[in-house]
$ cat my_file_12.pdb   # PDB, C-alpha atoms
ATOM      1  CA  MET A  20     101.868 117.864  72.081
ATOM      2  CA  LYS A  21     101.057 115.352  69.369
ATOM      3  CA  LEU A  22      99.980 111.942  70.651
ATOM      4  CA  CYS A  23      98.856 108.686  69.046
ATOM      5  CA  PHE A  24      96.306 106.555  70.906
ATOM      6  CA  LEU A  25      95.876 102.930  69.868
ATOM      7  CA  VAL A  26      92.248 102.102  70.705
ATOM      8  CA  GLU A  27      91.345  98.407  70.682
ATOM      9  CA  GLU A  28      87.834  97.501  69.514
ATOM     10  CA  ASN A  29      86.870  96.455  73.061
ATOM     11  CA  TYR A  30      87.494 100.013  74.270
ATOM     12  CA  ARG A  31      86.208 101.963  71.268
ATOM     13  CA  TYR A  32      83.366 103.472  73.326
ATOM     14  CA  ASP A  33      84.848 102.962  76.778
ATOM     15  CA  GLY A  34      85.382 105.910  79.098
ATOM     16  CA  MET A  35      88.985 104.864  79.510
ATOM     17  CA  PRO A  36      90.664 105.854  77.200
ATOM     18  CA  VAL A  37      87.972 107.796  75.267
ATOM     19  CA  GLU A  38      87.499 110.419  78.017
ATOM     20  CA  VAL A  39      91.261 110.846  78.264
ATOM     21  CA  ILE A  40      91.435 111.568  74.529
ATOM     22  CA  ARG A  41      88.634 114.135  74.847
ATOM     23  CA  ARG A  42      90.381 115.816  77.752
ATOM     24  CA  LEU A  43      93.644 116.088  75.829
ATOM     25  CA  HIS A  44      91.788 117.576  72.845
ATOM     26  CA  ALA A  45      90.146 120.109  75.175
ATOM     27  CA  TRP A  46      93.563 121.116  76.477
ATOM     28  CA  GLY A  47      94.715 121.887  72.936
ATOM     29  CA  HIS A  48      96.780 118.799  72.188
ATOM     30  CA  GLN A  49      96.625 116.884  68.910
ATOM     31  CA  VAL A  50      95.549 113.277  69.348
ATOM     32  CA  ASP A  51      95.525 110.833  66.450
ATOM     33  CA  VAL A  52      93.545 107.634  67.003
ATOM     34  CA  LEU A  53      94.455 104.323  65.376
ATOM     35  CA  ARG A  54      92.165 101.294  65.642
ATOM     36  CA  PRO A  55      94.460  98.261  65.423
ATOM     37  CA  GLY A  56      91.541  95.833  65.172
ATOM     38  CA  GLY A  57      89.508  97.802  62.642
ATOM     39  CA  SER A  58      92.040  99.061  60.122
ATOM     40  CA  LEU A  59      94.643  97.721  57.718
ATOM     41  CA  HIS A  60      98.079  99.076  58.559
ATOM     42  CA  ARG A  61     101.215  99.102  56.441
ATOM     43  CA  MET A  62     103.598  98.552  59.315
ATOM     44  CA  THR A  63     106.652 100.211  57.784
ATOM     45  CA  GLU A  64     104.722 103.421  57.153
ATOM     46  CA  VAL A  65     103.104 103.449  60.587
ATOM     47  CA  VAL A  66     106.472 103.149  62.288
ATOM     48  CA  ARG A  67     108.202 105.550  59.920
ATOM     49  CA  ALA A  68     105.651 108.286  60.661
ATOM     50  CA  GLY A  69     107.485 108.936  63.920
ATOM     51  CA  SER A  70     106.162 112.456  64.487
ATOM     52  CA  HIS A  71     104.271 111.778  67.722
ATOM     53  CA  ASP A  72     105.585 112.682  71.147
ATOM     54  CA  ALA A  73     104.202 109.418  72.516
ATOM     55  CA  TRP A  74     102.113 106.400  71.594
ATOM     56  CA  VAL A  75      99.534 105.258  74.137
ATOM     57  CA  LEU A  76      97.762 101.893  74.427
ATOM     58  CA  LYS A  77      95.198 100.417  76.778
ATOM     59  CA  THR A  78      95.809  96.747  76.053
ATOM     60  CA  VAL A  79      93.335  93.926  75.649
ATOM     61  CA  SER A  80      94.211  90.233  75.889
ATOM     62  CA  GLY A  81      95.245  88.959  72.478
ATOM     63  CA  GLY A  82      94.620  92.332  70.847
ATOM     64  CA  PRO A  83      96.766  93.588  67.951
ATOM     65  CA  GLY A  84      97.543  96.941  69.568
ATOM     66  CA  LEU A  85     100.566  95.713  71.484
ATOM     67  CA  THR A  86     102.309  94.737  68.236
ATOM     68  CA  LEU A  87     101.911  98.303  66.942
ATOM     69  CA  LEU A  88     103.115  99.732  70.247
ATOM     70  CA  GLU A  89     106.183  97.498  70.190
ATOM     71  CA  ALA A  90     106.869  98.517  66.587
ATOM     72  CA  ALA A  91     106.752 102.167  67.652
ATOM     73  CA  ALA A  92     109.087 101.458  70.557
ATOM     74  CA  SER A  93     111.536  99.627  68.278
ATOM     75  CA  ALA A  94     111.741 102.793  66.170
ATOM     76  CA  GLY A  95     112.723 104.803  69.245
ATOM     77  CA  MET A  96     109.343 106.367  70.014
ATOM     78  CA  THR A  97     108.077 106.954  73.561
ATOM     79  CA  THR A  98     105.304 104.550  74.566
ATOM     80  CA  VAL A  99     102.892 104.621  77.508
ATOM     81  CA  ASN A 100     103.360 102.259  79.239
ATOM     82  CA  ASP A 101     106.834 101.154  78.189
ATOM     83  CA  ALA A 102     106.115  98.502  75.545
ATOM     84  CA  ARG A 103     108.725  96.145  77.003
ATOM     85  CA  SER A 104     107.062  96.280  80.408
ATOM     86  CA  ILE A 105     103.570  95.461  79.161
ATOM     87  CA  ARG A 106     104.523  91.954  78.017
ATOM     88  CA  GLY A 107     105.843  91.296  81.499
ATOM     89  CA  VAL A 108     102.400  91.678  83.054
ATOM     90  CA  ARG A 109     100.051  90.625  80.227
ATOM     91  CA  ASP A 110     101.348  87.064  80.592
ATOM     92  CA  LYS A 111     100.422  86.173  84.167
ATOM     93  CA  ALA A 112     102.821  83.216  84.259
ATOM     94  CA  LEU A 113     105.695  85.489  83.276
ATOM     95  CA  ALA A 114     104.507  88.179  85.690
ATOM     96  CA  ALA A 115     104.565  85.684  88.554
ATOM     97  CA  ALA A 116     108.085  84.525  87.675
ATOM     98  CA  ILE A 117     109.360  88.112  87.496
ATOM     99  CA  GLY A 118     107.608  89.187  90.682
ATOM    100  CA  ARG A 119     108.667  86.213  92.813
ATOM    101  CA  SER A 120     112.279  86.444  91.634
ATOM    102  CA  ARG A 121     112.383  90.107  92.669
ATOM    103  CA  GLY A 122     110.927  89.658  96.105
ATOM    104  CA  LEU A 123     107.269  90.580  95.594
ATOM    105  CA  PRO A 124     104.843  88.728  97.889
ATOM    106  CA  MET A 125     103.075  86.600  95.270
ATOM    107  CA  PRO A 126     101.699  83.054  95.510
ATOM    108  CA  THR A 127     103.602  80.052  94.201
ATOM    109  CA  THR A 128     102.498  79.765  90.575
ATOM    110  CA  TYR A 129     102.171  76.704  88.345
ATOM    111  CA  ALA A 130     101.863  77.001  84.550
ATOM    112  CA  ALA A 131     100.096  74.309  82.518
ATOM    113  CA  ALA A 132      99.765  74.196  78.738
ATOM    114  CA  ARG A 133      96.946  71.637  79.104
ATOM    115  CA  PRO A 134      94.407  71.497  81.955
ATOM    116  CA  GLU A 135      95.086  67.782  82.529
ATOM    117  CA  LEU A 136      98.572  68.707  83.758
ATOM    118  CA  LEU A 137      97.044  70.417  86.788
ATOM    119  CA  ALA A 138      96.556  66.929  88.249
ATOM    120  CA  GLU A 139     100.287  66.885  89.032
ATOM    121  CA  ILE A 140      99.981  69.718  91.576
ATOM    122  CA  PRO A 141     100.439  68.409  95.145
ATOM    123  CA  GLU A 142      97.277  68.105  97.205
ATOM    124  CA  SER A 143      98.983  70.176  99.901
ATOM    125  CA  ASP A 144      98.682  73.246  97.636
ATOM    126  CA  TYR A 145      94.885  73.039  97.485
ATOM    127  CA  PRO A 146      92.544  74.846  97.339
ATOM    128  CA  LEU A 147      93.766  76.300  94.032
ATOM    129  CA  VAL A 148      92.855  79.358  92.016
ATOM    130  CA  VAL A 149      92.988  78.499  88.302
ATOM    131  CA  LYS A 150      92.761  81.062  85.493
ATOM    132  CA  PRO A 151      94.043  81.748  81.956
ATOM    133  CA  ALA A 152      97.532  83.226  81.783
ATOM    134  CA  ASP A 153      96.201  85.955  79.484
ATOM    135  CA  GLY A 154      92.915  86.553  81.311
ATOM    136  CA  SER A 155      91.496  89.880  82.413
ATOM    137  CA  SER A 156      88.501  91.409  84.210
ATOM    138  CA  GLY A 157      88.016  88.316  86.365
ATOM    139  CA  ARG A 158      87.184  86.135  83.357
ATOM    140  CA  ALA A 159      87.375  82.351  83.751
ATOM    141  CA  VAL A 160      88.717  82.435  87.313
ATOM    142  CA  HIS A 161      87.932  79.202  89.167
ATOM    143  CA  LEU A 162      88.379  78.032  92.749
ATOM    144  CA  LEU A 163      89.324  74.354  92.839
ATOM    145  CA  ALA A 164      88.655  73.036  96.327
ATOM    146  CA  ALA A 165      90.314  69.620  96.010
ATOM    147  CA  PRO A 166      92.018  67.387  93.407
ATOM    148  CA  ASP A 167      88.883  65.286  92.935
ATOM    149  CA  ARG A 168      87.075  68.375  91.594
ATOM    150  CA  LEU A 169      89.477  68.766  88.673
ATOM    151  CA  PRO A 170      87.852  66.272  86.232
ATOM    152  CA  ALA A 171      84.575  68.212  86.287
ATOM    153  CA  LEU A 172      86.420  71.444  85.496
ATOM    154  CA  LEU A 173      88.506  70.105  82.596
ATOM    155  CA  PRO A 174      85.887  70.717  79.855
ATOM    156  CA  VAL A 175      85.567  74.343  80.988
ATOM    157  CA  LEU A 176      89.325  74.899  80.980
ATOM    158  CA  ARG A 177      90.006  73.383  77.567
ATOM    159  CA  GLY A 178      90.535  76.022  74.931
ATOM    160  CA  GLU A 179      91.740  78.641  77.426
ATOM    161  CA  GLY A 180      95.370  78.279  76.355
ATOM    162  CA  LEU A 181      98.124  78.483  78.946
ATOM    163  CA  LEU A 182      96.715  78.226  82.472
ATOM    164  CA  ILE A 183      98.143  79.266  85.801
ATOM    165  CA  ALA A 184      97.282  77.803  89.184
ATOM    166  CA  GLN A 185      98.067  79.336  92.567
ATOM    167  CA  PRO A 186      97.300  78.245  96.131
ATOM    168  CA  TYR A 187      94.257  80.120  97.415
ATOM    169  CA  VAL A 188      95.110  82.951  99.818
ATOM    170  CA  PRO A 189      92.582  82.989 102.699
ATOM    171  CA  ASN A 190      90.902  86.392 102.828
ATOM    172  CA  ALA A 191      87.735  88.218 103.859
ATOM    173  CA  GLY A 192      86.146  87.901 100.405
ATOM    174  CA  VAL A 193      87.303  91.272  99.088
ATOM    175  CA  ASP A 194      90.237  92.446  96.956
ATOM    176  CA  ILE A 195      92.134  95.687  97.386
ATOM    177  CA  LYS A 196      92.618  97.281  93.965
ATOM    178  CA  VAL A 197      95.377  99.897  93.883
ATOM    179  CA  TYR A 198      95.421 102.312  90.935
ATOM    180  CA  CYS A 199      98.705 104.070  90.219
ATOM    181  CA  VAL A 200      98.465 107.284  88.167
ATOM    182  CA  GLY A 201     101.749 109.115  87.866
ATOM    183  CA  ASP A 202     102.524 110.352  91.372
ATOM    184  CA  ASP A 203      99.193 109.325  92.933
ATOM    185  CA  PHE A 204      98.041 106.013  94.374
ATOM    186  CA  HIS A 205      94.330 105.318  94.961
ATOM    187  CA  ALA A 206      92.723 102.254  96.517
ATOM    188  CA  THR A 207      89.319 100.613  96.252
ATOM    189  CA  GLU A 208      87.881  97.589  97.967
ATOM    190  CA  ARG A 209      85.709  95.276  95.889
ATOM    191  CA  ARG A 210      84.090  91.866  95.953
ATOM    192  CA  SER A 211      86.443  89.050  94.957
ATOM    193  CA  PRO A 212      85.453  87.153  91.774
ATOM    194  CA  LEU A 213      85.925  84.004  93.856
ATOM    195  CA  HIS A 214      83.215  85.149  96.275
ATOM    196  CA  PRO A 215      80.364  86.350  94.010
ATOM    197  CA  ASP A 216      77.804  86.109  96.822
ATOM    198  CA  HIS A 217      79.721  88.446  99.116
ATOM    199  CA  PRO A 218      77.538  91.542  99.745
ATOM    200  CA  HIS A 219      80.425  93.997  99.425
ATOM    201  CA  ARG A 220      80.229  96.711  96.758
ATOM    202  CA  GLU A 221      83.229  98.517  95.326
ATOM    203  CA  ARG A 222      84.186 101.598  97.303
ATOM    204  CA  ARG A 223      87.177 103.825  97.855
ATOM    205  CA  VAL A 224      89.249 103.033 100.933
ATOM    206  CA  PRO A 225      92.303 104.588 102.609
ATOM    207  CA  LEU A 226      95.578 103.107 101.435
ATOM    208  CA  SER A 227      97.775 101.709 104.177
ATOM    209  CA  ARG A 228     101.458 102.587 104.208
ATOM    210  CA  GLU A 229     102.376  98.916 103.792
ATOM    211  CA  VAL A 230     100.234  98.466 100.674
ATOM    212  CA  ALA A 231     101.353 101.851  99.268
ATOM    213  CA  ALA A 232     104.997 100.798  99.574
ATOM    214  CA  LEU A 233     104.137  97.482  97.929
ATOM    215  CA  ALA A 234     102.422  99.294  95.044
ATOM    216  CA  ALA A 235     105.527 101.428  94.515
ATOM    217  CA  GLN A 236     107.683  98.315  94.496
ATOM    218  CA  VAL A 237     105.424  96.706  91.870
ATOM    219  CA  GLY A 238     105.851  99.701  89.570
ATOM    220  CA  ALA A 239     109.628  99.551  89.944
ATOM    221  CA  VAL A 240     109.843  95.794  89.394
ATOM    222  CA  TYR A 241     107.798  95.793  86.186
ATOM    223  CA  GLY A 242     108.777  99.242  84.899
ATOM    224  CA  LEU A 243     105.188 100.538  84.744
ATOM    225  CA  ASP A 244     103.917 104.115  85.116
ATOM    226  CA  LEU A 245     100.131 103.736  84.708
ATOM    227  CA  TYR A 246      99.068 100.483  86.326
ATOM    228  CA  GLY A 247      96.938  98.678  88.855
ATOM    229  CA  LEU A 248      97.438  95.760  91.200
ATOM    230  CA  ASP A 249      95.104  93.414  93.040
ATOM    231  CA  VAL A 250      96.082  92.753  96.635
ATOM    232  CA  LEU A 251      94.675  90.243  99.100
ATOM    233  CA  LEU A 252      95.119  90.813 102.813
ATOM    234  CA  GLY A 253      96.105  87.287 103.763
ATOM    235  CA  PRO A 254      97.010  85.838 107.159
ATOM    236  CA  ASP A 255     100.712  86.599 106.557
ATOM    237  CA  GLY A 256     100.218  90.102 105.155
ATOM    238  CA  PRO A 257      99.376  91.610 101.762
ATOM    239  CA  VAL A 258      99.792  89.373  98.710
ATOM    240  CA  VAL A 259      99.868  90.586  95.091
ATOM    241  CA  VAL A 260      97.657  88.355  92.944
ATOM    242  CA  ASP A 261      97.458  90.392  89.718
ATOM    243  CA  VAL A 262      99.118  93.343  87.975
ATOM    244  CA  ASN A 263      97.505  95.278  85.111
ATOM    245  CA  ASP A 264      98.924  97.876  82.768
ATOM    246  CA  PHE A 265      96.538 100.779  82.085
ATOM    247  CA  PRO A 266      93.522  99.565  84.133
ATOM    248  CA  SER A 267      90.035 101.116  84.281
ATOM    249  CA  PHE A 268      90.883 103.552  87.117
ATOM    250  CA  ARG A 269      87.352 103.114  88.456
ATOM    251  CA  GLN A 270      86.559 105.177  91.544
ATOM    252  CA  VAL A 271      89.620 107.407  90.997
ATOM    253  CA  PRO A 272      88.453 111.040  91.338
ATOM    254  CA  ASP A 273      88.646 112.923  88.017
ATOM    255  CA  ALA A 274      90.399 109.915  86.503
ATOM    256  CA  ALA A 275      90.413 111.266  82.926
ATOM    257  CA  SER A 276      92.266 114.453  83.905
ATOM    258  CA  ARG A 277      94.718 112.591  86.120
ATOM    259  CA  VAL A 278      95.537 110.029  83.426
ATOM    260  CA  ALA A 279      95.765 112.723  80.728
ATOM    261  CA  SER A 280      98.193 114.728  82.874
ATOM    262  CA  ALA A 281     100.285 111.628  83.513
ATOM    263  CA  VAL A 282     100.410 110.824  79.777
ATOM    264  CA  LEU A 283     101.633 114.355  79.010
ATOM    265  CA  ALA A 284     104.304 114.148  81.695
ATOM    266  CA  LEU A 285     105.543 110.788  80.414
ATOM    267  CA  ALA A 286     105.534 112.056  76.820
ATOM    268  CA  ALA A 287     107.723 114.941  77.997
ATOM    269  CA  GLY A 288     110.167 112.491  79.545
ATOM    270  CA  GLU A 289     109.174 113.129  83.155
ATOM    271  CA  ARG A 290     109.231 110.051  85.358
ATOM    272  CA  PRO A 291     106.925 110.010  88.394
ATOM    273  CA  SER A 292     108.432 110.139  91.842
ATOM    274  CA  VAL A 293     107.288 107.594  94.407
ATOM    275  CA  VAL A 294     104.470 108.894  96.585
ATOM    276  CA  GLY A 295     101.518 107.442  98.380
ATOM    277  CA  HIS A 296      97.771 107.980  98.214
ATOM    278  CA  ALA A 297      96.650 111.282  96.704
ATOM    279  CA  GLY A 298      97.124 113.943  99.347
ATOM    280  CA  TRP A 299      99.396 111.783 101.479
ATOM    281  CA  ALA A 300     103.108 112.140 102.096
ATOM    282  CA  SER A 301     105.339 109.444 100.672
ATOM    283  CA  PRO A 302     105.197 106.242 102.743
ATOM    284  CA  PRO A 303     108.372 105.907 104.800
ATOM    285  CA  GLY A 304     110.927 103.923 102.829
ATOM    286  CA  ALA A 305     108.713 103.647  99.736
ATOM    287  CA  GLY A 306     111.371 104.950  97.384
ATOM    288  CA  GLU A 307     114.063 102.763  98.911
ATOM    289  CA  ARG A 308     111.811  99.702  98.833
ATOM    290  CA  ALA A 309     110.837 100.322  95.225
ATOM    291  CA  ALA A 310     114.470 100.627  94.198
ATOM    292  CA  ALA A 311     115.373  97.552  96.191
ATOM    293  CA  GLY A 312     112.558  95.647  94.524
ATOM    294  CA  ALA A 313     113.959  96.520  91.122
ATOM    295  CA  MET A 314     117.538  95.586  91.993
ATOM    296  CA  ALA A 315     117.507  92.794  94.535
ATOM    297  CA  VAL A 316     116.794  89.231  93.498
ATOM    298  CA  ALA A 317     115.118  87.379  96.337
ATOM    299  CA  ALA A 318     114.590  83.657  96.577
ATOM    300  CA  GLY A 319     111.420  82.597  94.777
ATOM    301  CA  ASP A 320     109.901  79.743  92.838
ATOM    302  CA  ALA A 321     110.769  79.477  89.153
ATOM    303  CA  LEU A 322     108.026  78.383  86.806
TER
END
$ encode --input "my_file_12.pdb" --output "structure tokens"
Amino acid sequence: MKLCFLVEENYRYDGMPVEVIRRLHAWGHQVDVLRPGGSLHRMTEVVRAGSHDAWVLKTVSGGPGLTLLEAAASAGMTTVNDARSIRGVRDKALAAAIGRSRGLPMPTTYAAARPELLAEIPESDYPLVVKPADGSSGRAVHLLAAPDRLPALLPVLRGEGLLIAQPYVPNAGVDIKVYCVGDDFHATERRSPLHPDHPHRERRVPLSREVAALAAQVGAVYGLDLYGLDVLLGPDGPVVVDVNDFPSFRQVPDAASRVASAVLALAAGERPSVVGHAGWASPPGAGERAAAGAMAVAAGDAL
């Protein structure tokens, strides 16, 4: 196959996607690499090239790669992930609106163009988690214990662009990160960015049937094939607090080969079936729940 990888400057030397590219080369596939942030591109010629089986992008917040991917998609080329789906999760305010409206267990989400507007959030929703709508890798995530703490945080929040705020979900201080690679789901447990003093280190953990079904539903709702989600085990059950297209796949065994195989399958037009953790049978009802998540519109808060 002939593939085009768009490699943002942030990931130029990163194992993901660099190791995936090397693996594909080793398997005999042709991989062209474009650096959206380091090259001048004549857009009409880039799109007109059109000879690749698929275009692949690991996005970065505010990076130029997504524009190229969307241009390729507009010309009818296959993209990994689907370019239309990526926008739906890169903007966390939009992701929350989509997820809540389709029945995903996600916190109520407020969007504020200026940090001063956060003062209008009812005190009953505190403590709050505040972060940029385009943030990633736990950057600029703040726990706001009470309304009287907001003034001290305003200088830090200015310049972050659109902000989102969500009621804090009580938890044990760790996040469950679920990585979805084609037909396989893998889970790790890691220290929450809101609890930096927690002694927990990232490690692989078994994936419960409930969380596996939720992960399948997330993929169906957003139309993603290679993705990750952050889940908190709250007092009322699992809650999705973040969704990422093309994550790091840390702790996933032989991640480069798994991702490379998934890219080839998607480039060939094969869509993954819904299964659970690698080596597990499909969680009961996972396929039905995923389909229901994509079709049914449940009551939720609009932004």
$ residues_around --input "my_file_12.pdb" --residues "A:Tyr187" --least-positions-apart "5" --cutoff "7 Å" --atoms "only C-alpha atoms" --output "ChimeraX atom specification"
/A:146-148
$ resolve_selection --input "my_file_12.pdb" --expression "the PyMOL selection byres ((chain A and resi 151) around 9)" --output "PyMOL selection string"
chain A and resi 111+149-150+152-155+158-160+176+179-184
$ closest_residue --input "my_file_12.pdb" --among "A:Ser276, A:Thr86, A:Asn190, A:Ser143" --to "A:Pro257" --atoms "all atoms listed in the file"
A:Asn190
$ residues_around --input "my_file_12.pdb" --residues "A:Leu113" --least-positions-apart "6" --cutoff "12 Å" --atoms "only C-alpha atoms" --output "number ranges by chain"
A: 104-107, 119-120, 128-130, 152-153, 181-183, 241, 261-262, 320-322
$ residues_near_point --input "my_file_12.pdb" --point "(106.4, 103.0, 67.3)" --cutoff "12 Å" --atoms "all atoms listed in the file" --output "JSON, numbers by chain"
{"A": [22, 23, 24, 25, 62, 63, 64, 65, 66, 67, 68, 69, 70, 71, 72, 73, 74, 75, 76, 84, 85, 86, 87, 88, 89, 90, 91, 92, 93, 94, 95, 96, 97, 98, 99, 101, 102]}
$ closest_residue --input "my_file_12.pdb" --among "A:Asp264, A:Glu229, A:Asp273, A:Asp144" --to "A:Gly34" --atoms "only C-alpha atoms"
A:Asp273
$ atom_distance --input "my_file_12.pdb" --atom1 "atom CA of A:Arg41" --atom2 "atom CA of A:Arg209"
28.4 Å
$ resolve_selection --input "my_file_12.pdb" --expression "the PyMOL selection byres ((chain A and resi 142) around 12)" --output "PyMOL selection string"
chain A and resi 137-141+143-147+163-169+186
$ resolve_selection --input "my_file_12.pdb" --expression "the PyMOL selection byres ((chain A and resi 263) around 12)" --output "PyMOL selection string"
chain A and resi 77-80+100+104-111+114+153-157+196-199+234+237-238+241-250+259-262+264-268
$ residues_around --input "my_file_12.pdb" --residues "stretch 212-225 of chain A" --least-positions-apart "4" --cutoff "8 Å" --atoms "all atoms listed in the file" --output "short mmCIF file (atom, residue, chain, number, x, y, z; two decimals) with C-alpha atoms, in the frame of the given file"
data_model
loop_
_atom_site.label_atom_id
_atom_site.label_comp_id
_atom_site.auth_asym_id
_atom_site.auth_seq_id
_atom_site.Cartn_x
_atom_site.Cartn_y
_atom_site.Cartn_z
CA GLY A 157 88.02 88.32 86.36
CA VAL A 160 88.72 82.44 87.31
CA HIS A 161 87.93 79.20 89.17
CA LEU A 162 88.38 78.03 92.75
CA GLY A 192 86.15 87.90 100.40
CA VAL A 193 87.30 91.27 99.09
CA HIS A 205 94.33 105.32 94.96
CA ALA A 206 92.72 102.25 96.52
CA THR A 207 89.32 100.61 96.25
CA GLU A 208 87.88 97.59 97.97
CA GLN A 270 86.56 105.18 91.54
CA HIS A 296 97.77 107.98 98.21
#
$ residues_around --input "my_file_12.pdb" --residues "A:Gly57" --least-positions-apart "4" --cutoff "9 Å" --atoms "all atoms listed in the file" --output "JSON, numbers by chain"
{"A": [27, 28, 53]}
$ closest_residue --input "my_file_12.pdb" --among "A:Gly256, A:Gln49, A:Pro174, A:Asp202" --to "A:Ala281" --atoms "all atoms listed in the file"
A:Asp202
$ atom_distance --input "my_file_12.pdb" --atom1 "atom CA of A:Leu233" --atom2 "atom CA of A:Pro189"
19.1 Å
